[in-house]
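Below is one structure, written out as structure tokens; the observations come after it.
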Amino acid sequence: MKRVFNFSAGPAMLPQSVLEQAQAEMLDWNGSGMSVMEMSHRGKEYMSIAAEAEADLREIMGIPVNYKVLFLQGGASSQFAMIPQNLLRGKGTADYVDTGDWSAKAIKEAKRYGNVNVVASTKAGNYTSVPAFDSWTCDANAAYLHYTPNETIRGVEFAWVPETGDVPLVADMSSTILSRPLDVSKFGLIYAGAQKNIGPAGLTIVIVRDDLIGETLPGTPTMFDYKIHADNESMYNTPATYGWYLAGLVFKWIKQQGGLAGMATLNERKAQKLYAAIGTSGGFYNSPVAADCRSWMNVPFTLANAELDKSFLSEAAQHGLTTLKGHRSVGGMRASIYNAMPEAGVDTLVSFMQDFAKKNG
Ligand code: PLP
């Protein structure tokens with residue numbers, strides 16, 4: 001068996017010990033004689049797995065009791081619609097910050113349901129920075145303010161949380177959730193597709209303050225109503241049972257790493273090593289992102305000589321370093337170094353980059 005260091009932006013690596021535990025339990029979970037995949041979601045075994053996963057997530061993130069935790073499907077992309085459908089209410093207008101491709105998609109979808117006020121955009125600068133808060137043209141009557149704390153494609157991450165007062169703050173945390181401590185009480189709603197820091201694709205987590213649910217736009221499908229899912233403990237229909245179980249194993253693994261504080265220490269160190277390798281390469285490698293918002297999770301970089309891109313990728317793969325190609329809309333390279341990327345993976349990448357630069361510089 002050969003395992004590689006997979007720098008994919010998602011689906012991404014899972015902790016080795018989680019995969020091993022899932023493998024050990026695959027045919028017979030805890031003496032039940034069944035795989036978790038084969039269990040009824042309403043049976044007592046599965047209910048215990050689901051409840052424990054939620055309790056562990058609440059503990060790790062310090063989620064206050066007045067927030068619901070929903071285990072849904074449909075990806076973060078469905079949330080682009082579900083959020084306006086559930087949160088616009090009588091207000092009709094929502095504020096959005098445009099810092100990249102994912103913000104732009106969220107904005108496009110929200111426009112189908114109401115007025116969107118784009119309070120700031122970094123599009124003109126090719127989405128390589130975070131807009132200064134004092135430049136935002138916020139609407140005090142907006143139903144909510146939506147932003148994307150980490151833009152996965154261009155590797156732009158907020159190092160701060162906007163203070164929106166009474167306007168609920170909504171965050172697409174798909175590629176940053178669980179990477180560092182967070183004060184959940186500052187948010188009205190947090191959502192994330194699971195396939196980066198939580199578990200396998202197919203599961204979507206929504207953490208929502210309970211006063212924000214219960215009033216949907218006319219015509220909202222039943223499956224798009226947060227209240228339906230909250231009232232049914234995410235079991236209105238058959239949930240993504242296996243993904244939920246694996247997420248639970250990941251939450252336990254995070255606890256073993258020292259919780260979110262432990263993850264943050266490790267993640268910051270991994271990111272600094274990689275940015276340092278780029279910064280000390282004498283211009284062989286370059287980061288397009290402004291220094292104050294370089295992501296800990298997704299590290300895009302370019303080679304000054306783009307003709308070397310192909311050989312960089314193929315030689316990296318020979319060293320067990322895979323999926324380093326940048327997003328098709330950006331080019332260059334992108335190393336996604338989520339929670340489960342071992343530090344050894346970053347160390348191996350850094351020494352490969354240094355050797356490659358020496359050979360080709
Ligand atoms: N938002 C962000 C920040 C993402 O990185 C992604 C996917 O990579 C999405 C939304 C879309 O997620 P999904 O594929 O789960 O719909």
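By convention here, the chains of the structure tokens are called A, B, ... in the order presented, each chain's residues are numbered starting at 1, and ligands are numbered starting at 1 in the order presented.
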- Task: Excluding Thr322 (chain A) and residues on its chain fewer than 3 positions from it, collect all residues at most 9 Å away from it, counting only C-alpha atoms, and give them as number ranges by chain.
- Result: A: 4-8, 313-314, 316-319, 325
- Quick one: residues within 9 Å of ligand 1, with only C-alpha atoms and all ligand atoms, as a PyMOL selection string? chain A and resi 9-11+73-80+100-103+105-106+148-153+172-176+191-196+201-204
- Message: Let's see if you can do this: from backbone DSSP, list all helix (DSSP H, G or I) residues in region 72-280 of chain A, as JSON, numbers by chain.
- Response: {"A": [75, 76, 77, 78, 79, 80, 81, 82, 83, 84, 85, 86, 87, 101, 102, 103, 104, 105, 106, 107, 108, 109, 110, 123, 124, 125, 133, 134, 135, 184, 185, 186, 210, 211, 212, 222, 223, 224, 226, 227, 228, 229, 230, 231, 241, 242, 243, 244, 245, 246, 247, 248, 249, 250, 251, 252, 253, 254, 255, 256, 259, 260, 261, 262, 263, 264, 265, 266, 267, 268, 269, 270, 271, 272, 273, 274, 275, 276, 277, 278, 279]}
Using the chain letters and numbers from this document, which residues of region 122-228 of chain A does DSSP assign to strand (DSSP E or B), as a PDB file with N, CA and C atoms, in the first residue's frame?
ATOM      1  N   LEU A 145     -25.245  39.843   6.993  1.00  0.00           N
ATOM      2  CA  LEU A 145     -24.064  40.118   6.172  1.00  0.00           C
ATOM      3  C   LEU A 145     -23.341  38.802   5.930  1.00  0.00           C
ATOM      4  N   HIS A 146     -23.110  38.501   4.660  1.00  0.00           N
ATOM      5  CA  HIS A 146     -22.451  37.241   4.286  1.00  0.00           C
ATOM      6  C   HIS A 146     -21.020  37.511   3.853  1.00  0.00           C
ATOM      7  N   TYR A 147     -20.096  36.686   4.345  1.00  0.00           N
ATOM      8  CA  TYR A 147     -18.729  36.759   3.823  1.00  0.00           C
ATOM      9  C   TYR A 147     -18.105  35.370   3.807  1.00  0.00           C
ATOM     10  N   ASN A 150     -12.492  32.243   4.231  1.00  0.00           N
ATOM     11  CA  ASN A 150     -11.341  31.716   3.489  1.00  0.00           C
ATOM     12  C   ASN A 150     -11.766  31.369   2.071  1.00  0.00           C
ATOM     13  N   GLU A 151     -11.187  32.086   1.128  1.00  0.00           N
ATOM     14  CA  GLU A 151     -11.474  31.829  -0.281  1.00  0.00           C
ATOM     15  C   GLU A 151     -10.521  30.735  -0.761  1.00  0.00           C
ATOM     16  N   VAL A 156      -7.146  33.383   0.005  1.00  0.00           N
ATOM     17  CA  VAL A 156      -7.267  34.649   0.734  1.00  0.00           C
ATOM     18  C   VAL A 156      -8.098  34.409   1.994  1.00  0.00           C
ATOM     19  N   GLU A 157      -7.519  34.697   3.144  1.00  0.00           N
ATOM     20  CA  GLU A 157      -8.204  34.392   4.403  1.00  0.00           C
ATOM     21  C   GLU A 157      -8.252  35.618   5.315  1.00  0.00           C
ATOM     22  N   LEU A 169     -24.180  37.911  11.288  1.00  0.00           N
ATOM     23  CA  LEU A 169     -23.027  37.620  10.439  1.00  0.00           C
ATOM     24  C   LEU A 169     -23.133  36.172   9.952  1.00  0.00           C
ATOM     25  N   VAL A 170     -23.037  35.999   8.644  1.00  0.00           N
ATOM     26  CA  VAL A 170     -23.157  34.664   8.037  1.00  0.00           C
ATOM     27  C   VAL A 170     -21.838  34.341   7.345  1.00  0.00           C
ATOM     28  N   ALA A 171     -21.269  33.163   7.630  1.00  0.00           N
ATOM     29  CA  ALA A 171     -19.939  32.858   7.101  1.00  0.00           C
ATOM     30  C   ALA A 171     -19.887  31.509   6.405  1.00  0.00           C
ATOM     31  N   ASP A 172     -19.342  31.518   5.190  1.00  0.00           N
ATOM     32  CA  ASP A 172     -19.050  30.279   4.470  1.00  0.00           C
ATOM     33  C   ASP A 172     -17.669  29.812   4.926  1.00  0.00           C
ATOM     34  N   LEU A 189     -24.885  32.613  11.585  1.00  0.00           N
ATOM     35  CA  LEU A 189     -24.907  31.320  10.899  1.00  0.00           C
ATOM     36  C   LEU A 189     -23.519  31.032  10.320  1.00  0.00           C
ATOM     37  N   ILE A 190     -23.091  29.786  10.509  1.00  0.00           N
ATOM     38  CA  ILE A 190     -21.821  29.301   9.952  1.00  0.00           C
ATOM     39  C   ILE A 190     -22.152  28.063   9.137  1.00  0.00           C
ATOM     40  N   TYR A 191     -21.597  27.949   7.951  1.00  0.00           N
ATOM     41  CA  TYR A 191     -21.840  26.720   7.188  1.00  0.00           C
ATOM     42  C   TYR A 191     -20.568  26.243   6.515  1.00  0.00           C
ATOM     43  N   ALA A 192     -20.548  24.950   6.220  1.00  0.00           N
ATOM     44  CA  ALA A 192     -19.354  24.362   5.612  1.00  0.00           C
ATOM     45  C   ALA A 192     -19.681  23.040   4.960  1.00  0.00           C
ATOM     46  N   GLY A 193     -19.210  22.871   3.738  1.00  0.00           N
ATOM     47  CA  GLY A 193     -19.184  21.537   3.138  1.00  0.00           C
ATOM     48  C   GLY A 193     -18.135  20.747   3.903  1.00  0.00           C
ATOM     49  N   THR A 204     -22.965  18.412   4.887  1.00  0.00           N
ATOM     50  CA  THR A 204     -22.824  19.870   4.998  1.00  0.00           C
ATOM     51  C   THR A 204     -23.257  20.265   6.401  1.00  0.00           C
ATOM     52  N   ILE A 205     -22.440  21.017   7.083  1.00  0.00           N
ATOM     53  CA  ILE A 205     -22.786  21.403   8.456  1.00  0.00           C
ATOM     54  C   ILE A 205     -23.242  22.854   8.496  1.00  0.00           C
ATOM     55  N   VAL A 206     -24.345  23.070   9.200  1.00  0.00           N
ATOM     56  CA  VAL A 206     -24.862  24.422   9.397  1.00  0.00           C
ATOM     57  C   VAL A 206     -25.030  24.640  10.901  1.00  0.00           C
ATOM     58  N   ILE A 207     -24.454  25.723  11.382  1.00  0.00           N
ATOM     59  CA  ILE A 207     -24.593  26.099  12.791  1.00  0.00           C
ATOM     60  C   ILE A 207     -25.354  27.419  12.785  1.00  0.00           C
ATOM     61  N   VAL A 208     -26.546  27.422  13.352  1.00  0.00           N
ATOM     62  CA  VAL A 208     -27.398  28.611  13.176  1.00  0.00           C
ATOM     63  C   VAL A 208     -28.072  28.997  14.492  1.00  0.00           C
ATOM     64  N   ARG A 209     -28.067  30.294  14.775  1.00  0.00           N
ATOM     65  CA  ARG A 209     -28.704  30.813  15.991  1.00  0.00           C
ATOM     66  C   ARG A 209     -30.201  30.592  15.893  1.00  0.00           C
TER      67      ARG A 209
END
- Task: Considering only C-alpha atoms, state which residue in the set A:Leu308, A:Leu260, A:Val69, A:Met34 is at the smallest distance from Asp231 (chain A).
- Result: A:Val69
- Message: Can you tell me which residues surround Arg269 (chain A) at a distance of at most 12 Å, considering only C-alpha atoms, apart from same-chain residues fewer than 3 positions away, and format the answer as a ChimeraX atom specification?
- Response: /A:262-266,272-276,296-297,337,339,342-344,346-347
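Going from CA of Cys138 (chain A) to CA of Ile83 (chain A) covers 18.2 Å.
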With a cut-off of 8 Å, could you pull out the residues of region 40-135 of chain A touching region 251-259 of chain A and give me the nearest pair of atoms for each, distance in Å to one decimal, using only C-alpha atoms, ordered by chain and ascending number, as JSON lines?
{"residue": "A:Ala53", "atom": "CA", "partner": "A:Phe251", "partner_atom": "CA", "distance": 7.0}
{"residue": "A:Asp56", "atom": "CA", "partner": "A:Phe251", "partner_atom": "CA", "distance": 6.1}
{"residue": "A:Leu57", "atom": "CA", "partner": "A:Phe251", "partner_atom": "CA", "distance": 6.2}
{"residue": "A:Ile60", "atom": "CA", "partner": "A:Gly259", "partner_atom": "CA", "distance": 5.9}
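Among the candidate residues A:Gly90, A:Gly320, A:Pro84, A:Pro218, the one lying nearest to Leu349 (chain A) is A:Gly320, with distances computed using only C-alpha atoms.
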- Do a neighbour search on Lys123 (chain A) at 8 Å with only C-alpha atoms, toss out local chain neighbours closer than 4 positions, and write the hits as a list in words. Asp98, Thr99, Gly100 and Tyr127 of chain A
Deliver the residues from the most recent selection as a file, using N, CA and C atoms, as a PDB file, in the first residue's frame.
ATOM      1  N   ASP A  98     -17.530  40.631  -1.352  1.00  0.00           N
ATOM      2  CA  ASP A  98     -17.065  39.889  -2.519  1.00  0.00           C
ATOM      3  C   ASP A  98     -15.537  39.791  -2.503  1.00  0.00           C
ATOM      4  N   THR A  99     -15.022  38.652  -2.039  1.00  0.00           N
ATOM      5  CA  THR A  99     -13.564  38.507  -1.949  1.00  0.00           C
ATOM      6  C   THR A  99     -13.029  37.358  -2.802  1.00  0.00           C
ATOM      7  N   GLY A 100     -13.866  36.810  -3.683  1.00  0.00           N
ATOM      8  CA  GLY A 100     -13.341  35.716  -4.499  1.00  0.00           C
ATOM      9  C   GLY A 100     -14.444  34.946  -5.187  1.00  0.00           C
ATOM     10  N   TYR A 127      -8.823  39.623  -6.730  1.00  0.00           N
ATOM     11  CA  TYR A 127      -9.116  38.860  -5.501  1.00  0.00           C
ATOM     12  C   TYR A 127      -7.844  38.394  -4.776  1.00  0.00           C
TER      13      TYR A 127
END
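Shell of Leu324 (chain A) at 6 Å, with only C-alpha atoms counted and residues fewer than 4 places along the chain excluded, is A:Phe7, A:Met333, A:Arg334, A:Ala335.
The nearest approach to Val184 (chain A) among the residues A:Phe158, A:Phe133, A:Tyr67, A:Trp29, with only C-alpha atoms taken into account, belongs to A:Tyr67.
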- Item | Residues near Val36 (chain A), cut-off 9 Å, only C-alpha atoms, skip fewer than 5 positions along chain, as a ChimeraX atom specification | /A:25-29,45-46,241-242,245
So that I have them on file, write out the residues from the current selection with C-alpha atoms, as a short mmCIF file (atom, residue, chain, number, x, y, z; two decimals), in the first residue's frame.
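Contents of the output file out_22.cif:
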data_model
loop_
_atom_site.label_atom_id
_atom_site.label_comp_id
_atom_site.auth_asym_id
_atom_site.auth_seq_id
_atom_site.Cartn_x
_atom_site.Cartn_y
_atom_site.Cartn_z
CA GLU A 25 -15.13 -0.95 12.17
CA MET A 26 -16.24 -1.38 8.58
CA LEU A 27 -17.91 -4.78 8.89
CA ASP A 28 -18.93 -4.74 12.52
CA TRP A 29 -19.41 -1.51 14.41
CA GLU A 45 -26.76 2.44 17.47
CA TYR A 46 -26.82 5.10 14.79
CA THR A 241 -25.16 8.65 7.71
CA TYR A 242 -21.66 7.43 6.93
CA TYR A 245 -20.11 9.02 11.46
#
- Query: In terms of the shortest atom-to-atom distance over only C-alpha atoms, which of A:Gly33, A:Gly62, A:Arg3, A:Val289 is closest to Leu321 (chain A)?
  - Reply: A:Arg3
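Nearest-residue note for Ala261 (chain A): choosing from A:Thr323, A:Gln85, A:Ser179, A:Asn286, the minimum distance belongs to A:Ser179, counting only C-alpha atoms.
In terms of minimum interatomic distance to Leu19 (chain A), A:Gly199 ranks closest within A:Gly214, A:Gly199, A:Gly283, A:Gly345, counting only C-alpha atoms.
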- What lies within 8 Å of Leu246 (chain A) using only C-alpha atoms, ignoring chain neighbours under 3 positions off, as a VMD selection string? chain A and resid 18 22 199 to 200 242 to 243 249 to 250
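When CA of Val350 (chain A) is paired with CA of Ala12 (chain A), their separation reads 19.3 Å.
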